[in-house]
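Trainee: Shown below is the structure under consideration.
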Amino acid sequence: MRQGTLIILTMRSLLNNPYRWLGLSLCVAGAVFSPLAFFIVTSVPLTAVGLSAIMLGFVCVALANARPYISPEACQLMLKTGMENTSALLEELNLRNKAVYLPSLMREGRPQALIPLLEDADLMHIKQKLPGRLIVRYGANPDDMAIAVTTAGSINIDLLENSPEPTSEGIEDAVNYILTGVLDIASAVHIISQDGLLRAEITGARLPYENVWYERCLGSPIASIVAAISSEALAKPVRIKEESQAKGKISVVIEVLA
Amino acid sequence: MRIYNRFIITLTLVAGFINALLAFMGQEDIQIFFVINLIAYMTITLLYVYFNPRARRALDGVSVVFFGAFLVIVAMKVVDIISRR
């Protein structure tokens, strides 16, 4: 009885992963087909087809083991929870200003976004390291106050294997690695540097821009990732100047401050 | 997991193309088929630079297995050449 349950559970875990299912099917089909083609049909090209199927099967099984531990639905739930909490804080404080993304060297270890309390705040010349608190003073005046929040982009910096190069190509490589390779939420990213601005074009984005309070301040999660990586690469504060979506492409314009 | 799907589809198309081309050219050595498929696999895997670290490690493991098979073929060829002398 217990063995039967164990077999059913094992089979269910195998079938739950489509890559593993495909990989095992290709391996079995290739292992059966190749000897038949070689010894009975005596056709080398057909044997090669069987060998290719076995190779593809190995690749699929390897990729099956590299899938994330938690489901995309669980990830979305956690992202939404964090966004709702930050959004509630912004609405309660009636903050509508664009956030400034600071590199980790200006915060205590992790890049964060700073939302100034004043609308016409001058954040162009922040140079000193700011304390790692929720409410921070960034200037000499008593009104130079802001709240510092952690965004999706801030966390993703930890996923980079190396620090990004301070060029548009280096930033493009790092953003591509995170968005297409690690998170799989976009198909391609192209970034150019022009007149002190970084223009990013993200194709195949699966987290579209929504015109809600949170995203008006901090940008969409994708723009936030681009801004955080740009800030970290250039070691300068940056701000999302514009964000728009058209024909399946998200365009983000990032202003480099200081 | 669209990047995984693209990778698998690319490998399938390239393997199909190589096998068809070699068959059309009248190639009858299975080792040639295997080695050229292996080179194509290694090249395509290297071109997909944006894989996450876990996928990269898993594919590196597969590459080691395939490369082991390649070394066996090379060793067999060397033994064959030496024994002919």
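Following the order of the structure tokens, chains are lettered A, B, ..., residues in each are numbered from 1, and ligands are numbered from 1.
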Counting only C-alpha atoms, which residues from chain A have an atom at most 10 Å from any atom of chain B, and could you show them as number ranges by chain?
Mentor: A: 19, 38, 43-49, 51-53, 55-68, 159-161, 173-187
Trainee: Which of these residues is nearest to Tyr101 in chain A, using only C-alpha atoms: A:Ile229, A:Leu197, A:Cys75, A:Leu114?
Mentor: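 Under the stated criterion, the closest residue is A:Leu114.
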Trainee: Taking the DSSP secondary structure from the backbone, can you list the residues of range 65-175 of chain A that are strand (DSSP E or B), as a PyMOL selection string?
Mentor: chain A and resi 100-102+112-116+135-137+145-149
Trainee: Using the selection just defined, write its residues with N, CA and C atoms as a CSV table (one decimal), in the first residue's frame.
Mentor:
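Listed below is the output, out02.csv:
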chain,number,residue,atom,x,y,z
A,100,VAL,N,14.1,58.6,-6.4
A,100,VAL,CA,15.5,58.6,-6.9
A,100,VAL,C,16.1,57.3,-6.4
A,101,TYR,N,16.7,56.6,-7.4
A,101,TYR,CA,17.4,55.3,-7.1
A,101,TYR,C,18.8,55.6,-6.7
A,102,LEU,N,19.2,55.1,-5.5
A,102,LEU,CA,20.6,55.4,-5.0
A,102,LEU,C,21.4,54.1,-5.1
A,112,GLN,N,18.7,51.5,-2.8
A,112,GLN,CA,17.3,51.8,-2.4
A,112,GLN,C,16.8,53.0,-3.2
A,113,ALA,N,15.5,53.2,-3.1
A,113,ALA,CA,14.8,54.3,-3.8
A,113,ALA,C,14.4,55.3,-2.7
A,114,LEU,N,14.7,56.6,-3.0
A,114,LEU,CA,14.4,57.7,-2.1
A,114,LEU,C,13.2,58.5,-2.7
A,115,ILE,N,12.2,58.7,-1.9
A,115,ILE,CA,11.0,59.5,-2.3
A,115,ILE,C,11.0,60.7,-1.5
A,116,PRO,N,11.3,61.9,-2.1
A,116,PRO,CA,11.4,63.1,-1.3
A,116,PRO,C,10.0,63.6,-0.9
A,135,ILE,N,13.1,57.0,7.2
A,135,ILE,CA,13.0,58.4,7.0
A,135,ILE,C,14.4,59.0,7.1
A,136,VAL,N,14.8,59.6,6.0
A,136,VAL,CA,16.2,60.1,5.9
A,136,VAL,C,16.3,61.6,5.6
A,137,ARG,N,17.3,62.2,6.1
A,137,ARG,CA,17.5,63.6,5.7
A,137,ARG,C,18.6,63.6,4.7
A,145,MET,N,13.8,66.1,3.5
A,145,MET,CA,13.5,64.8,4.1
A,145,MET,C,12.9,63.9,3.0
A,146,ALA,N,13.1,62.6,3.1
A,146,ALA,CA,12.6,61.6,2.2
A,146,ALA,C,12.4,60.3,2.8
A,147,ILE,N,11.6,59.5,2.2
A,147,ILE,CA,11.5,58.1,2.7
A,147,ILE,C,12.3,57.2,1.8
A,148,ALA,N,13.0,56.2,2.4
A,148,ALA,CA,13.8,55.3,1.6
A,148,ALA,C,13.1,53.9,1.6
A,149,VAL,N,12.8,53.4,0.4
A,149,VAL,CA,12.2,52.1,0.3
A,149,VAL,C,13.0,51.1,-0.5
Trainee: Record the distance separating CA of Asp80 in chain B and CA of Ala40 in chain B, expressed in Å with one decimal.
Mentor: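 Between these atoms lies a distance of 25.7 Å.
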Trainee: For the structure I just gave you, how does DSSP split range 144-215 of chain A - specifically, which residues are helix (DSSP H, G or I)? Reply as a PyMOL selection string.
Mentor: chain A and resi 152-159+168-182+213-215
